[in-house]
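Engineer: Dropping the structure in here first, questions after.
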Amino acid sequence: MPPRDIRPAARLAGFVLGLLRAALLLLVLAAPGFAQDQPAPPDYAAWEKFANRAETVIADAHTTSLALDTLRKTVTDWRSQFQAAQSANKTRIGTLQQQIAALGPPPAEGATEAPEIATRRQQLNDQLAKLQAPGLAADEAYSRADGIVREIDDTLRARQADALMHLAPMPVNPANWPAAVTFLTATGSSIVGEVVSSWAIDTRRADLGNNGPLILGYVVFAVVLLARGRRWFDRGIHWIVVRLPEGGAQALALVASLGQVVLPVLGVALITEAVNTTGFAGIVGQTVLGVLVPMAVMIFAARWLGHQIFPRDGEGEMLPDLPPETRAEARLHAQLLGVLIAVDILRRALFRGTGADDEAANAVITFPILALAALSLYRIGRTLRGDRRTEEPAEEQGYSARLVRVLGRVVMLLAAVAPLFAAVGYIAAATGVILPLALSLGLIGVLVLIQQLVNDIYRWLTPAREGDDGLLPVLFGFALSLGSLPVFALVWGARAADLAELWGKFAQGFSIGATRISPTNFLTFAILFGAGYALTRLIQGALKTTVLPKTRIDVGGQNAIAVGVGYLGIVVSALVAITGAGIDLSGLAIVAGALSVGIGFGLQNIVSNFVSGVILLIERPVSEGDWIETGGVQGTVRSISVRSTRIETFDRADVIVPNSNLITGTVTNMTKFSRVGRLIVQVGVAYGSDTRKVDKVLREIAEAHPLVVMNPKPNVIFTGFAPDSLNFEIRVILRDVNFSLDVRSEVNHQIAERFAAEGIKIPFAQRDIWLRNPETLRPAPGAGDTAPQRLPGAADTPVPPKDAV
């Protein structure tokens, strides 16, 4: 077969590589900042003029809050430009500073240095001053812009506080009621008048006839959604629940139940579109139509939330052990709160859309809304607090239960106090408490449902851990709670600009000396350190399982190398992460030096154990698997960590020994260099035994055991004469001292069997008791009818009975 011509393929590969190079070059040339090293500097002259005008506007008390908000946005844009300009020439400035430092410290006063060094130092200082000038100008402009922003924020917050504490006409004063009636009548008359006026126009009637089928379709579809939509979704939810596993069914049922909000709101939106299509709505009518959808969202969302938190059947309820009538009452008040919030939305729109400025009418119309909302909140708070008569002791309640009870008490307190403020005329203050309180309860309910959804999904995906929510849902709930804090702040009247300002300050970080640390630094540090740590573990695993087992290094040495690589990897990862995050630790040197003294005294034991652990890994006087004895503890070394060493005793108990004890104390290592060890077995024989025969029998027993080495040979020693026996010792060398207990037991068995066969007796302690003057133990004549007792085997030496005195 002739060889293939590879030249076309090579040409094709070269063409593809050329295209890739061209594309890469285009990407680099198109990258932001390639054409210019630094962005265009701010126009400081224009900023100076604008800042002077801004300060004049702020000083004018007649400037509206809307104008101040607009002004603040512009000043914030300028401030962002100055903040970006603060880092101008940063890299070049750092290089020049290093060059100046390389020239050495400047000469002391009166001293001189080489002319070429002095000239070069002056040139570098001039360049440094020139490069630092834009950054210094940006710093000054940034400070001024930041001061203007703070001044605007202080002014707006002061106005907001004044508006909350504004005293309106008393709504309970009957003299103010006609104003409310007049406003409501005028509003209704305006809507009717707009419809009549539109009907009188021929073109409007003609458009109504042309759009009649479309309007009818909107209305029919809306009525179907409002009348049957919720029932359809209830059937769909039931169909899901009976066909899926428990966790998945609950999760999908909760998500599908949102249709009880979406479909009715869609129906209201269709009705709004139908009315708009007629063209009969005027200014007031358009104002009402513009808020119908938000009103419907509040009404149906409150109804859905009440049914989820306080279900009819009691299954999956957030507050257990609630009777059915209590749940029904809570659902009713949740629905009422939604309706009242919707009515308040309509009230705000009417007063804003019609331009009415009747403070008395506004107060009188708002008061019943607040009073009814406070009543519903009080009843819901009472439900959350629970029944005091059946309340469990605090120590028996869970954290969530105690938190719910505290929340219920706070809701009851605010709901009871706010209407009193509204009654005397503090309508804005009462509104700023009642409505945010209702919205906060709704937001808490939404958070609880989201957490329940996550728990259900987690149990669905991990059925083996049923009954255990796991760590991931808990962490998600914690993150969800933190993320909801800005929403709660907005609900309670915080301005979005204030939250953005706080986030900006948080993103900038904080300064310690000349070092600035920001959340970005922490994130970069965490990512780099995590990557380094994972790489270290990967290398350790490869060493333990692939590389080191193929070497001649013993197990203890392999473990020491793996642990050392782990320590080195962690240190290198920390250094790389600190450098990559841009954290300059030189500014913390003084603080670290001051703290090191106190910390050194407090952590000296820990540091000592750490250093001892490093020494153990390097010198390896003790390794994993060694049989050691230290401080009265004897066992096998199972692990050597940074601070301590774990020893497993022969009773299978773990003893944690500080590493410093193994370095400074006495350690007996039975198996450091070899497992060969000596065993001594002691035995005694009765007096009169043939000692030569005993020596021969013991030597045969020792030499017959398979774990006893023959070089050196076993030895039998006649150690001496004891009070009850002739004592011998068997001294043998074992191939593996770890089996010394087994060998000792087997040798003792053999001794018992051979001694019995050879007629050699093993003595046991005996004592002869001699009684002097036994007659003194006899009772006197007539001392009683108790018979004297006699010692066993001693007929002539009776002893008195137990009850004799």
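Identifiers for the structure tokens are assigned positionally: chains receive A, B, ... in sequence, residues are indexed from 1 per chain, and ligands are indexed from 1 in the order shown.
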Could you give me, as a list of chain:residue names, each residue of region 350-521 of chain A that DSSP assigns to strand (DSSP E) when run on this structure's backbone?
Structural biologist: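 Strand (DSSP E) assignments inside region 350-521 of chain A correspond to A:Phe510, A:Ser511, A:Ile512, A:Thr515, A:Arg516, A:Ile517.
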Engineer: Taking 2 positions as the minimum chain separation for residues in the same chain, which residues sit within 10 Å of Ala180 (chain A) when counting only C-alpha atoms? Answer as an MDAnalysis selection string.
Structural biologist: chainID A and resid 171 176:178 182:186 358:366
Engineer: Take the selection from the previous step and output its residues with all heavy atoms, as a CSV table (one decimal), in the first residue's frame.
Structural biologist:
```csv
chain,number,residue,atom,x,y,z
A,171,PRO,N,-58.2,61.9,63.3
A,171,PRO,CA,-59.2,61.2,62.5
A,171,PRO,C,-60.4,60.9,63.3
A,171,PRO,O,-61.5,60.6,62.7
A,171,PRO,CB,-58.5,60.0,62.0
A,171,PRO,CG,-57.4,59.7,63.0
A,171,PRO,CD,-57.0,61.0,63.5
A,176,ASN,N,-63.6,66.4,61.3
A,176,ASN,CA,-62.8,66.1,60.1
A,176,ASN,C,-63.5,65.1,59.2
A,176,ASN,O,-62.9,64.9,58.1
A,176,ASN,CB,-61.5,65.6,60.6
A,176,ASN,CG,-60.7,66.6,61.4
A,176,ASN,OD1,-60.7,67.8,61.1
A,176,ASN,ND2,-60.0,66.2,62.4
A,177,TRP,N,-64.6,64.5,59.6
A,177,TRP,CA,-65.2,63.5,58.7
A,177,TRP,C,-65.8,64.0,57.4
A,177,TRP,O,-65.7,63.3,56.4
A,177,TRP,CB,-66.2,62.7,59.5
A,177,TRP,CG,-65.7,62.0,60.7
A,177,TRP,CD1,-64.4,61.8,61.0
A,177,TRP,CD2,-66.4,61.3,61.7
A,177,TRP,NE1,-64.2,61.1,62.2
A,177,TRP,CE2,-65.4,60.7,62.6
A,177,TRP,CE3,-67.8,61.1,62.0
A,177,TRP,CZ2,-65.8,60.0,63.8
A,177,TRP,CZ3,-68.1,60.4,63.1
A,177,TRP,CH2,-67.2,59.9,64.0
A,178,PRO,N,-66.4,65.2,57.4
A,178,PRO,CA,-66.9,65.7,56.1
A,178,PRO,C,-65.9,65.8,55.0
A,178,PRO,O,-66.2,65.6,53.9
A,178,PRO,CB,-67.5,67.0,56.5
A,178,PRO,CG,-67.8,66.9,58.0
A,178,PRO,CD,-66.8,66.0,58.5
A,182,THR,N,-66.4,64.2,51.4
A,182,THR,CA,-66.3,65.0,50.2
A,182,THR,C,-65.3,64.4,49.2
A,182,THR,O,-65.6,64.4,48.0
A,182,THR,CB,-65.9,66.4,50.6
A,182,THR,OG1,-66.9,67.0,51.5
A,182,THR,CG2,-65.8,67.3,49.4
A,183,PHE,N,-64.2,64.0,49.7
A,183,PHE,CA,-63.2,63.4,48.8
A,183,PHE,C,-63.7,62.2,48.1
A,183,PHE,O,-63.5,62.0,46.9
A,183,PHE,CB,-61.9,63.1,49.6
A,183,PHE,CG,-60.9,62.4,48.8
A,183,PHE,CD1,-60.1,63.1,47.9
A,183,PHE,CD2,-60.7,61.0,48.9
A,183,PHE,CE1,-59.1,62.4,47.1
A,183,PHE,CE2,-59.8,60.4,48.1
A,183,PHE,CZ,-59.0,61.1,47.3
A,184,LEU,N,-64.3,61.3,48.9
A,184,LEU,CA,-64.8,60.0,48.3
A,184,LEU,C,-65.9,60.3,47.3
A,184,LEU,O,-65.9,59.7,46.2
A,184,LEU,CB,-65.3,59.1,49.4
A,184,LEU,CG,-64.2,58.6,50.3
A,184,LEU,CD1,-64.8,57.7,51.4
A,184,LEU,CD2,-63.2,57.7,49.6
A,185,THR,N,-66.8,61.2,47.6
A,185,THR,CA,-67.9,61.6,46.7
A,185,THR,C,-67.3,62.2,45.4
A,185,THR,O,-67.7,61.9,44.3
A,185,THR,CB,-68.8,62.6,47.4
A,185,THR,OG1,-69.3,62.0,48.6
A,185,THR,CG2,-70.0,62.9,46.5
A,186,ALA,N,-66.3,63.1,45.6
A,186,ALA,CA,-65.8,63.7,44.4
A,186,ALA,C,-65.0,62.7,43.5
A,186,ALA,O,-65.1,62.8,42.3
A,186,ALA,CB,-64.8,64.8,44.8
A,358,ASP,N,-55.9,67.3,50.8
A,358,ASP,CA,-56.7,67.5,52.0
A,358,ASP,C,-56.2,66.6,53.1
A,358,ASP,O,-56.4,65.4,53.0
A,358,ASP,CB,-58.2,67.2,51.6
A,358,ASP,CG,-59.1,67.7,52.7
A,358,ASP,OD1,-58.6,67.8,53.9
A,358,ASP,OD2,-60.3,67.9,52.4
A,359,GLU,N,-55.4,67.1,54.0
A,359,GLU,CA,-54.8,66.3,55.0
A,359,GLU,C,-55.8,65.7,55.9
A,359,GLU,O,-55.6,64.5,56.4
A,359,GLU,CB,-53.8,67.2,55.8
A,359,GLU,CG,-52.9,66.4,56.7
A,359,GLU,CD,-51.9,67.3,57.4
A,359,GLU,OE1,-52.1,68.5,57.4
A,359,GLU,OE2,-50.9,66.8,57.9
A,360,ALA,N,-56.9,66.4,56.2
A,360,ALA,CA,-57.9,65.8,57.1
A,360,ALA,C,-58.6,64.6,56.4
A,360,ALA,O,-58.8,63.6,57.1
A,360,ALA,CB,-59.0,66.9,57.4
A,361,ALA,N,-58.9,64.7,55.1
A,361,ALA,CA,-59.5,63.6,54.4
A,361,ALA,C,-58.6,62.4,54.4
A,361,ALA,O,-59.0,61.2,54.6
A,361,ALA,CB,-59.9,64.0,53.0
A,362,ASN,N,-57.3,62.6,54.2
A,362,ASN,CA,-56.3,61.5,54.1
A,362,ASN,C,-56.3,60.8,55.5
A,362,ASN,O,-56.2,59.6,55.6
A,362,ASN,CB,-55.0,62.1,53.7
A,362,ASN,CG,-54.0,61.0,53.4
A,362,ASN,OD1,-54.3,59.8,53.3
A,362,ASN,ND2,-52.7,61.4,53.3
A,363,ALA,N,-56.2,61.6,56.6
A,363,ALA,CA,-56.2,61.0,57.9
A,363,ALA,C,-57.4,60.2,58.2
A,363,ALA,O,-57.3,59.1,58.8
A,363,ALA,CB,-55.9,62.1,58.9
A,364,VAL,N,-58.6,60.7,57.9
A,364,VAL,CA,-59.8,60.0,58.2
A,364,VAL,C,-59.9,58.7,57.4
A,364,VAL,O,-60.4,57.7,58.0
A,364,VAL,CB,-61.0,61.0,58.0
A,364,VAL,CG1,-62.3,60.2,58.1
A,364,VAL,CG2,-61.0,62.1,58.9
A,365,ILE,N,-59.6,58.7,56.2
A,365,ILE,CA,-59.7,57.5,55.3
A,365,ILE,C,-58.6,56.5,55.7
A,365,ILE,O,-58.9,55.3,55.7
A,365,ILE,CB,-59.5,57.9,53.8
A,365,ILE,CG1,-60.7,58.8,53.4
A,365,ILE,CG2,-59.4,56.7,53.0
A,365,ILE,CD1,-60.6,59.3,52.0
A,366,THR,N,-57.4,57.0,56.1
A,366,THR,CA,-56.4,56.0,56.5
A,366,THR,C,-56.6,55.3,57.8
A,366,THR,O,-56.2,54.2,58.0
A,366,THR,CB,-55.0,56.8,56.5
A,366,THR,OG1,-54.8,57.4,55.3
A,366,THR,CG2,-53.9,55.8,56.8
```
Engineer: Can you list, as an MDAnalysis selection string, every protein, DNA or RNA residue that comes within 7 Å of Ser725 (chain A) when you count only C-alpha atoms, leaving out same-chain residues fewer than 4 positions away?
Structural biologist: chainID A and resid 684:687 721 763
Engineer: Suppose you want the space between CA of Asn276 (chain A) and CA of Gln335 (chain A); what is it in Å?
Structural biologist: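 Computing the Euclidean distance for CA of Asn276 (chain A) and CA of Gln335 (chain A) yields 28.1 Å.
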Engineer: By how many Å are CA of Val57 (chain A) and CA of Arg157 (chain A) apart?
Structural biologist: 16.7 Å
